[in-house]
Amino acid sequence: MDDRRVEGGGGKNTPKWQLFGEELAARSLDLANSIENLQDYFENREHTRSFIPATIRVDINDEAIAKSYRVDIQKLFDNQSSKNNIIGFIESNSAIVKVNNREDIISIQKNIKNYDKNTLGISAVESIEVFKPFIVDIEDEKTIKVSLIDYLDYELNEAIKLSFKKFCKEKGLIVKETNYCTGLIIFKIQNATKVDLDSLSDFEALESITLMPKYSVGLDFIEANQDLDIKTPKEGISYPIIGVLDSGISKNKYLKPWLLNKSHSSYPEEFKDTFHGTCVSSLIVYGDQLENKKWTGNSGCMLFDAAVFPDDKKETIHEDELIENIRDAISNNREIKIWNLSLGTSSEADINDFSDFGKALDDIQLVNDILICKSIGNCNNFKYGFPKARVAKSGDSMRSLVVGSVAHTKNEIDLSETYHPSPFSRIGPGPSNSIKPDLMSYGGNAGVMNGRVIQNGVNTIAPDGSLVKMIGTSFSTPRITSLLSELNFKIQEEFNPTLLKALAIHSAKYPQGIKLQMNDKVKQMGFGIPDSADEIIYNDPHEITLILQENINKGEFIEILDFPFPESLVDDDGYFYGEIKVTLVSQPVLRETQGAEYCQSNLKLQFGTYDDIKNRDTTKSNILNPIGPNDPKNVMLDSNYGAAFKKDTTSDYARERVLLNYGKKYQPIKKYSVNLDEMTPARKRDSLEGNRKWFARIKGEYRNFAETLADEDGEVLNQDFTLIVTIRDTKSEHQVYNEVSRLLANRNFIHSNIKLRENIRINVQGKE
């Protein structure tokens with residue numbers, strides 16, 4: 001493995017949107033005049049708040065939003081006191097720029113008027129206007145959520161927060177500062193009126209005023225007639241622990257043996273209704289047993305009861321309170337690494353901007369080194385014959401493993417076929433075309449009769465120990481939590497959230513009979529339904545799975561130039577054959593103020609063949625590395641494969657095939673699954689001749705904002721990641737596992753078998 005420096009590149013082609021001559025001069029004059037409007041701001045602002053910068057909204061041409069043009073845009077707003085005045089993004093192509101004083105106005109106008117020097121930046125910017133905060137209309141006596149602008153300056157932000165509190169006190173408003181995450185400055189004001197909104201709109205650093213979301217749990221259930229044996233922990237086994245962030249867990253006869261003595265509660269007993277939390281928890285421990293299926297293979301896990309949600313008939317809970325409760329429960333129990341969160345909101349996530357709740361969950365996971373399994377949310381559009389709603393706010397968390405629901409069975413009235421997406425399960429994409437849900441599991445079915453919803457629920461255990469049937473993504477999510485718990489238990493490796501996510505996603509398949517094109521499959525079902533824990537760990541002799549856990553710094557790439565692809569997988573025509581499945585999961589760099597560009601990092605993967613290693617001329621300015629692959633071909637590109645196979649929805653391999661063009665999308669999870677026999681004849685001749693060598697290459701990429709901020713702060717940007725590669729002999733003729741193991745040793749790879757607990761026995765061809 002070579003860990004080497006990234007070389008510069010890129011062309012000098014003139015973009016189509018670049019302006020010239022009179023058009024360029026006119027744009028320059030128009031933008032310079034727009035900046036002049038800020039003079040009124042500095043003349044009229046309150047003296048006691050004169051330190052607060054003005055802010056402008058800069059709308060950028062859609063085609064000029066690429067990273068390569070950001071420096072040109074940024075230069076327009078440089079001045080002597082600061083060089084990075086773009087402090088955030090809203091929507092997908094509107095930048096927020098701070099202007100500190102009149103001197104800055106003059107400096108910016110000078111840059112804009114110099115259109116010969118700043119042609120690209122001026123051409124990219126379509127308009128400039130004074131930033132206007134987003135303010136919703138509200139009724140009187142409502143609880144509101146006030147967001148202030150983050151100026152990316154600690155001292156300035158702290159002074160603005162003090163000033164805002166003083167401003168509110170003078171207006172007679174009771175204000176509370178919340179704790180979502182470091183990049184969000186949010187206050188809560190209760191019993192606000194329309195007059196209050198008018199007065200708050202005068203505060204110079206205001207970003208938005210919206211209603212503070214409330215949360216509730218809807219519970220409809222049907223009693224189930226079924227006997228269930230009580231499971232108890234076996235003596236001498238140290239079971240994994242799952243934290244359940246919910247409404248509390250009942251100590252009934254089924255769950256009491258699995259409950260830890262310690263617990264966390266944000267509410268006294270009289271303000272708790274443990275129904276939802278108990279049903280969710282029962283699926284973590286008894287999920288397979290309740291349906292008589294081996295969906296997760298969980299052999300038992302202890303439950304940590306974190307009651308973060310009250311009985312909503314007695315106590316209202318707002319978003320900031322729920323986040324605070326979740327943060328307290330997790331931060332005080334950091335030794336618990338896997339948590340279930342089957343709570344959320346009915347509000348749909350924005351198409352561009354990520355939700356504050358989702359950002360808070362991402363921050364909590366990073367700070368505490370934990371993994372949250374989160375439900376994507378339910379919608380009842382099916383009741384009215386409407387299309388499904390997209391992912392709910394909080395289900396857009398980028399670090400959480402977000403789970404949708406598939407139907408476990410189908411009754412006469414049910415709308416969904418067995419193993420197909422449940423009618424109530426929300427769909428993707430998430431904001432900025434992010435892939436959500438990540439995975440699916442079994443959460444029930446439903447139909448409509450005479451305008452009334454008829455449920456076909458999965459079996460759960462109620463607080464009194466009776467069995468009840470429930471529907472919802474709340475009840476598919478704990479199955480994935482249970483699966484990750486079992487994987488973490490069986491694999492004796494240090495906890496790594498990217499490894500657990502990668503293992504589950506790598507194993508996932510689409511159900512038989514899903515007749516959807518690839519992009520629609522991902523939108524409806526993410527990467528599919530994962531296997532049970534034992535099936536994930538098991539390897540057939542005719543296949544091998546290789547796992548690389550690494551960290552990669554900005555400016556470096558990892559290249560394996562002698563990848564141990566089995567040499568025996570060459571067909572009678574002299575071409576490589578077989579199935580290759582690759583999953584890459586990273587811990588993304590996230591920046592809360594960047595709108596649709598919230599995810600600031602990406603890993604670019606290439607996996608394929610090359611002719612030979614070539615020497616390179618390092619005397620050239622853009623060549624840093626003395627060797628490299630000659631004629632590399634990336635076999636993971638969807639363009640390599642025949643159109644008929646891409647459209648195939650009925651073959652056995654259609655369940656596993658993943659051909660996606662990730663393009664320039666910054667996705668922390670990528671999966672590819674290809675059958676080399678499906679490659680077009682021309683690409684096969686170029687890429688798969690049996691004398692070619694194999695390589696893998698991973699390169700880190702970062703958006704301009706993260707790079708600029710890191711340069712200022714002296715931070716080295718980096719990403720933890722897990723790469724999983726499975727190679728399978730589709731003819732079942734060769735002992736791939738043994739062959740690749742030999743190649744690893746012969747080629748001096750430092751490697752080891754994954755550590756499993758001693759009491760695990762993997763059945764291979766009927767032998768133990």
# chains A, B, ... in the order shown; residues from 1 in each chain; ligands from 1
>>> select_by_dssp(residues="region 415-635 of chain A", states="alpha helix (DSSP H)", output="PyMOL selection string")
chain A and resi 477-490+497-507+518-525+533-537
>>> write_last_selection(atoms="N, CA, C and O atoms", output="short mmCIF file (atom, residue, chain, number, x, y, z; two decimals), in the first residue's frame")
data_model
loop_
_atom_site.label_atom_id
_atom_site.label_comp_id
_atom_site.auth_asym_id
_atom_site.auth_seq_id
_atom_site.Cartn_x
_atom_site.Cartn_y
_atom_site.Cartn_z
N THR A 477 -36.44 -0.09 12.78
CA THR A 477 -35.13 0.42 13.20
C THR A 477 -34.46 -0.44 14.27
O THR A 477 -33.26 -0.73 14.16
N PRO A 478 -35.18 -0.87 15.33
CA PRO A 478 -34.49 -1.68 16.35
C PRO A 478 -33.94 -3.00 15.84
O PRO A 478 -33.03 -3.57 16.46
N ARG A 479 -34.45 -3.51 14.74
CA ARG A 479 -33.88 -4.75 14.18
C ARG A 479 -32.47 -4.48 13.66
O ARG A 479 -31.57 -5.31 13.82
N ILE A 480 -32.26 -3.32 13.02
CA ILE A 480 -30.92 -2.97 12.54
C ILE A 480 -30.00 -2.69 13.74
O ILE A 480 -28.83 -3.08 13.74
N THR A 481 -30.54 -2.03 14.76
CA THR A 481 -29.76 -1.81 15.99
C THR A 481 -29.32 -3.14 16.58
O THR A 481 -28.17 -3.32 17.00
N SER A 482 -30.23 -4.09 16.61
CA SER A 482 -29.95 -5.42 17.14
C SER A 482 -28.87 -6.12 16.32
O SER A 482 -27.96 -6.76 16.87
N LEU A 483 -28.95 -5.99 15.00
CA LEU A 483 -27.95 -6.58 14.11
C LEU A 483 -26.56 -5.99 14.38
O LEU A 483 -25.57 -6.72 14.51
N LEU A 484 -26.46 -4.66 14.47
CA LEU A 484 -25.17 -4.03 14.71
C LEU A 484 -24.61 -4.43 16.07
O LEU A 484 -23.40 -4.60 16.22
N SER A 485 -25.50 -4.56 17.04
CA SER A 485 -25.07 -5.01 18.37
C SER A 485 -24.43 -6.39 18.30
O SER A 485 -23.38 -6.65 18.89
N GLU A 486 -25.06 -7.29 17.55
CA GLU A 486 -24.55 -8.65 17.43
C GLU A 486 -23.21 -8.67 16.69
O GLU A 486 -22.29 -9.39 17.06
N LEU A 487 -23.11 -7.86 15.64
CA LEU A 487 -21.85 -7.77 14.91
C LEU A 487 -20.74 -7.24 15.82
O LEU A 487 -19.62 -7.77 15.84
N ASN A 488 -21.05 -6.19 16.55
CA ASN A 488 -20.05 -5.60 17.44
C ASN A 488 -19.63 -6.57 18.54
O ASN A 488 -18.48 -6.58 18.98
N PHE A 489 -20.57 -7.42 18.95
CA PHE A 489 -20.31 -8.41 19.99
C PHE A 489 -19.42 -9.54 19.46
O PHE A 489 -18.47 -9.97 20.11
N LYS A 490 -19.72 -10.00 18.24
CA LYS A 490 -19.01 -11.16 17.70
C LYS A 490 -17.61 -10.81 17.18
O LYS A 490 -16.73 -11.65 17.16
N PRO A 497 -17.49 2.83 14.15
CA PRO A 497 -18.80 2.99 13.52
C PRO A 497 -18.77 2.77 12.01
O PRO A 497 -19.74 2.26 11.44
N THR A 498 -17.67 3.15 11.36
CA THR A 498 -17.62 2.95 9.90
C THR A 498 -17.54 1.47 9.55
O THR A 498 -18.08 1.04 8.53
N LEU A 499 -16.90 0.66 10.40
CA LEU A 499 -16.83 -0.78 10.15
C LEU A 499 -18.21 -1.42 10.28
O LEU A 499 -18.62 -2.21 9.42
N LEU A 500 -18.93 -1.09 11.34
CA LEU A 500 -20.25 -1.69 11.55
C LEU A 500 -21.22 -1.30 10.44
O LEU A 500 -21.96 -2.13 9.91
N LYS A 501 -21.22 -0.02 10.08
CA LYS A 501 -22.09 0.42 8.99
C LYS A 501 -21.71 -0.27 7.69
O LYS A 501 -22.58 -0.73 6.93
N ALA A 502 -20.41 -0.35 7.42
CA ALA A 502 -19.95 -0.96 6.17
C ALA A 502 -20.33 -2.44 6.11
O ALA A 502 -20.75 -2.93 5.05
N LEU A 503 -20.18 -3.17 7.20
CA LEU A 503 -20.52 -4.60 7.20
C LEU A 503 -22.00 -4.81 6.90
O LEU A 503 -22.36 -5.69 6.10
N ALA A 504 -22.86 -4.03 7.54
CA ALA A 504 -24.30 -4.18 7.33
C ALA A 504 -24.68 -3.80 5.90
O ALA A 504 -25.43 -4.53 5.22
N ILE A 505 -24.18 -2.68 5.41
CA ILE A 505 -24.52 -2.22 4.07
C ILE A 505 -23.92 -3.14 3.01
O ILE A 505 -24.56 -3.42 1.98
N HIS A 506 -22.72 -3.64 3.25
CA HIS A 506 -22.07 -4.54 2.30
C HIS A 506 -22.90 -5.80 2.08
O HIS A 506 -22.95 -6.34 0.97
N SER A 507 -23.56 -6.26 3.13
CA SER A 507 -24.34 -7.50 3.04
C SER A 507 -25.73 -7.30 2.43
O SER A 507 -26.41 -8.26 2.07
N MET A 518 -32.38 1.16 -10.90
CA MET A 518 -31.40 1.30 -9.83
C MET A 518 -31.62 2.55 -8.98
O MET A 518 -31.66 2.48 -7.75
N ASN A 519 -31.78 3.69 -9.61
CA ASN A 519 -31.94 4.93 -8.86
C ASN A 519 -33.21 4.93 -8.02
O ASN A 519 -33.23 5.48 -6.91
N ASP A 520 -34.27 4.31 -8.54
CA ASP A 520 -35.52 4.23 -7.77
C ASP A 520 -35.39 3.25 -6.61
O ASP A 520 -35.98 3.47 -5.54
N LYS A 521 -34.63 2.17 -6.80
CA LYS A 521 -34.37 1.26 -5.68
C LYS A 521 -33.71 2.00 -4.52
O LYS A 521 -34.10 1.85 -3.36
N VAL A 522 -32.68 2.78 -4.86
CA VAL A 522 -31.94 3.50 -3.82
C VAL A 522 -32.84 4.53 -3.14
O VAL A 522 -32.80 4.71 -1.92
N LYS A 523 -33.67 5.20 -3.92
CA LYS A 523 -34.57 6.21 -3.36
C LYS A 523 -35.58 5.57 -2.40
O LYS A 523 -35.90 6.12 -1.34
N GLN A 524 -36.08 4.41 -2.76
CA GLN A 524 -37.10 3.73 -1.95
C GLN A 524 -36.51 2.95 -0.79
O GLN A 524 -37.09 2.90 0.30
N MET A 525 -35.33 2.31 -1.01
CA MET A 525 -34.85 1.31 -0.07
C MET A 525 -33.39 1.48 0.33
O MET A 525 -32.83 0.57 0.96
N ALA A 533 -26.36 -11.56 11.28
CA ALA A 533 -24.96 -11.40 11.71
C ALA A 533 -24.09 -12.57 11.27
O ALA A 533 -22.98 -12.38 10.77
N ASP A 534 -24.58 -13.80 11.44
CA ASP A 534 -23.79 -14.97 11.05
C ASP A 534 -23.52 -15.01 9.55
O ASP A 534 -22.43 -15.36 9.10
N GLU A 535 -24.53 -14.63 8.76
CA GLU A 535 -24.35 -14.63 7.31
C GLU A 535 -23.36 -13.56 6.87
O GLU A 535 -22.65 -13.73 5.88
N ILE A 536 -23.31 -12.46 7.60
CA ILE A 536 -22.37 -11.39 7.27
C ILE A 536 -20.94 -11.85 7.52
O ILE A 536 -20.03 -11.59 6.73
N ILE A 537 -20.72 -12.54 8.63
CA ILE A 537 -19.38 -12.98 9.00
C ILE A 537 -18.92 -14.17 8.17
O ILE A 537 -17.74 -14.34 7.88
#
>>> residues_around(residues="region 446-448 of chain A", least_positions_apart="2", cutoff="9 Å", atoms="only C-alpha atoms", output="ChimeraX atom specification")
/A:382-384,407,410-416,422-424,444,450-457,471
>>> residues_around(residues="Ile35 (chain A)", least_positions_apart="5", cutoff="8 Å", atoms="only C-alpha atoms", output="JSON, numbers by chain")
{"A": [105, 108, 109, 128, 129]}
>>> write_last_selection(atoms="N, CA and C atoms", output="CSV table (one decimal), in the first residue's frame")
chain,number,residue,atom,x,y,z
A,105,ILE,N,-16.7,47.9,2.3
A,105,ILE,CA,-17.6,48.2,1.2
A,105,ILE,C,-16.7,48.7,0.1
A,108,ILE,N,-14.6,45.9,-1.5
A,108,ILE,CA,-15.3,45.0,-2.3
A,108,ILE,C,-15.7,45.7,-3.6
A,109,GLN,N,-16.1,47.0,-3.6
A,109,GLN,CA,-16.5,47.7,-4.8
A,109,GLN,C,-15.3,47.8,-5.7
A,128,ILE,N,-26.4,40.5,-6.0
A,128,ILE,CA,-26.0,40.8,-4.6
A,128,ILE,C,-27.1,41.6,-3.9
A,129,GLU,N,-27.5,41.2,-2.7
A,129,GLU,CA,-28.5,42.0,-2.0
A,129,GLU,C,-28.3,41.9,-0.5
>>> atom_distance(atom1="CA of Tyr737 (chain A)", atom2="CA of Tyr510 (chain A)")
25.5 Å
>>> select_by_dssp(residues="region 680-766 of chain A", states="strand (DSSP E or B)", output="list in words")
Glu689, Lys693, Trp694, Phe695, Ala696, Arg697, Ile698, Lys699, Gly700, Glu701, Tyr702, Asn718, Gln719, Asp720, Phe721, Thr722, Leu723, Ile724, Val725, Thr726, Ile727, Arg728, Leu756 and Val764 of chain A
>>> atom_distance(atom1="CA of Glu324 (chain A)", atom2="CA of Tyr180 (chain A)")
7.6 Å
>>> residues_around(residues="region 300-312 of chain A", least_positions_apart="5", cutoff="6 Å", atoms="only C-alpha atoms", output="MDAnalysis selection string")
chainID A and resid 216 239:248 258:260 263:266 271:273 285 325
>>> closest_residue(among="A:Tyr115, A:Phe131, A:Phe749, A:Tyr702", to="Lys98 (chain A)", atoms="only C-alpha atoms")
A:Phe131
>>> closest_residue(among="A:Ile230, A:Ala706, A:Phe203, A:Phe495", to="Glu46 (chain A)", atoms="only C-alpha atoms")
A:Phe203
>>> residues_around(residues="Ser127 (chain A)", least_positions_apart="6", cutoff="9 Å", atoms="only C-alpha atoms", output="ChimeraX atom specification")
/A:27,30-31,34,57-60
>>> write_last_selection(atoms="all heavy atoms", output="compact mmCIF listing (two decimals), in the first residue's frame")
# COMPACT_ATOMS: atom_id res chain seq x y z
N ARG A 27 -22.39 43.84 -15.76
CA ARG A 27 -22.52 43.03 -14.53
C ARG A 27 -21.70 43.67 -13.41
O ARG A 27 -22.15 43.75 -12.26
CB ARG A 27 -22.06 41.61 -14.80
CG ARG A 27 -21.98 40.68 -13.59
CD ARG A 27 -23.36 40.28 -13.06
NE ARG A 27 -24.12 39.57 -14.04
CZ ARG A 27 -24.02 38.25 -14.29
NH1 ARG A 27 -23.16 37.53 -13.60
NH2 ARG A 27 -24.77 37.68 -15.20
N ASP A 30 -23.49 46.74 -12.07
CA ASP A 30 -24.70 46.35 -11.33
C ASP A 30 -24.36 45.82 -9.93
O ASP A 30 -24.99 46.19 -8.94
CB ASP A 30 -25.45 45.28 -12.14
CG ASP A 30 -26.77 44.90 -11.49
OD1 ASP A 30 -27.52 45.80 -11.09
OD2 ASP A 30 -27.06 43.68 -11.40
N LEU A 31 -23.34 44.97 -9.84
CA LEU A 31 -22.94 44.42 -8.54
C LEU A 31 -22.36 45.49 -7.63
O LEU A 31 -22.62 45.51 -6.42
CB LEU A 31 -21.93 43.28 -8.75
CG LEU A 31 -22.42 42.05 -9.52
CD1 LEU A 31 -21.28 41.02 -9.65
CD2 LEU A 31 -23.63 41.41 -8.86
N SER A 34 -25.09 47.43 -6.12
CA SER A 34 -25.80 46.66 -5.09
C SER A 34 -25.10 46.77 -3.74
O SER A 34 -25.74 46.86 -2.69
CB SER A 34 -25.92 45.19 -5.50
OG SER A 34 -26.65 45.06 -6.69
N ARG A 57 -26.39 38.63 0.73
CA ARG A 57 -26.67 37.36 0.05
C ARG A 57 -26.13 37.47 -1.38
O ARG A 57 -26.45 38.42 -2.10
CB ARG A 57 -28.18 37.09 0.03
CG ARG A 57 -28.57 35.91 -0.86
CD ARG A 57 -30.05 35.64 -0.80
NE ARG A 57 -30.44 34.62 -1.77
CZ ARG A 57 -31.41 33.74 -1.59
NH1 ARG A 57 -32.09 33.76 -0.46
NH2 ARG A 57 -31.70 32.86 -2.52
N VAL A 58 -25.32 36.51 -1.75
CA VAL A 58 -24.69 36.50 -3.07
C VAL A 58 -25.20 35.28 -3.83
O VAL A 58 -24.91 34.13 -3.47
CB VAL A 58 -23.15 36.45 -2.94
CG1 VAL A 58 -22.51 36.39 -4.32
CG2 VAL A 58 -22.64 37.64 -2.15
N ASP A 59 -25.98 35.51 -4.88
CA ASP A 59 -26.52 34.41 -5.68
C ASP A 59 -25.55 34.07 -6.80
O ASP A 59 -25.13 34.94 -7.57
CB ASP A 59 -27.88 34.80 -6.27
CG ASP A 59 -28.96 34.91 -5.20
OD1 ASP A 59 -28.83 34.22 -4.17
OD2 ASP A 59 -29.90 35.69 -5.39
N ILE A 60 -25.19 32.79 -6.87
CA ILE A 60 -24.15 32.32 -7.79
C ILE A 60 -24.79 31.51 -8.91
O ILE A 60 -25.73 30.73 -8.68
CB ILE A 60 -23.13 31.45 -7.02
CG1 ILE A 60 -22.49 32.29 -5.90
CG2 ILE A 60 -22.06 30.91 -7.95
CD1 ILE A 60 -21.67 31.48 -4.92
>>> residues_around(residues="Leu184 (chain A)", least_positions_apart="5", cutoff="10 Å", atoms="only C-alpha atoms", output="ChimeraX atom specification")
/A:147-150,178-179,356,359-360,591-593
>>> atom_distance(atom1="CA of Glu597 (chain A)", atom2="CA of Gln667 (chain A)")
10.9 Å
>>> residues_around(residues="region 721-727 of chain A", least_positions_apart="3", cutoff="9 Å", atoms="only C-alpha atoms", output="ChimeraX atom specification")
/A:496,498-499,501-503,506,542-552,565-566,578-588,603,736
>>> closest_residue(among="A:Val125, A:Ala64, A:Ile317, A:Ile160", to="Arg49 (chain A)", atoms="only C-alpha atoms")
A:Ile160
>>> closest_residue(among="A:Val280, A:Leu371, A:Val740, A:Val403", to="Ile336 (chain A)", atoms="only C-alpha atoms")
A:Leu371
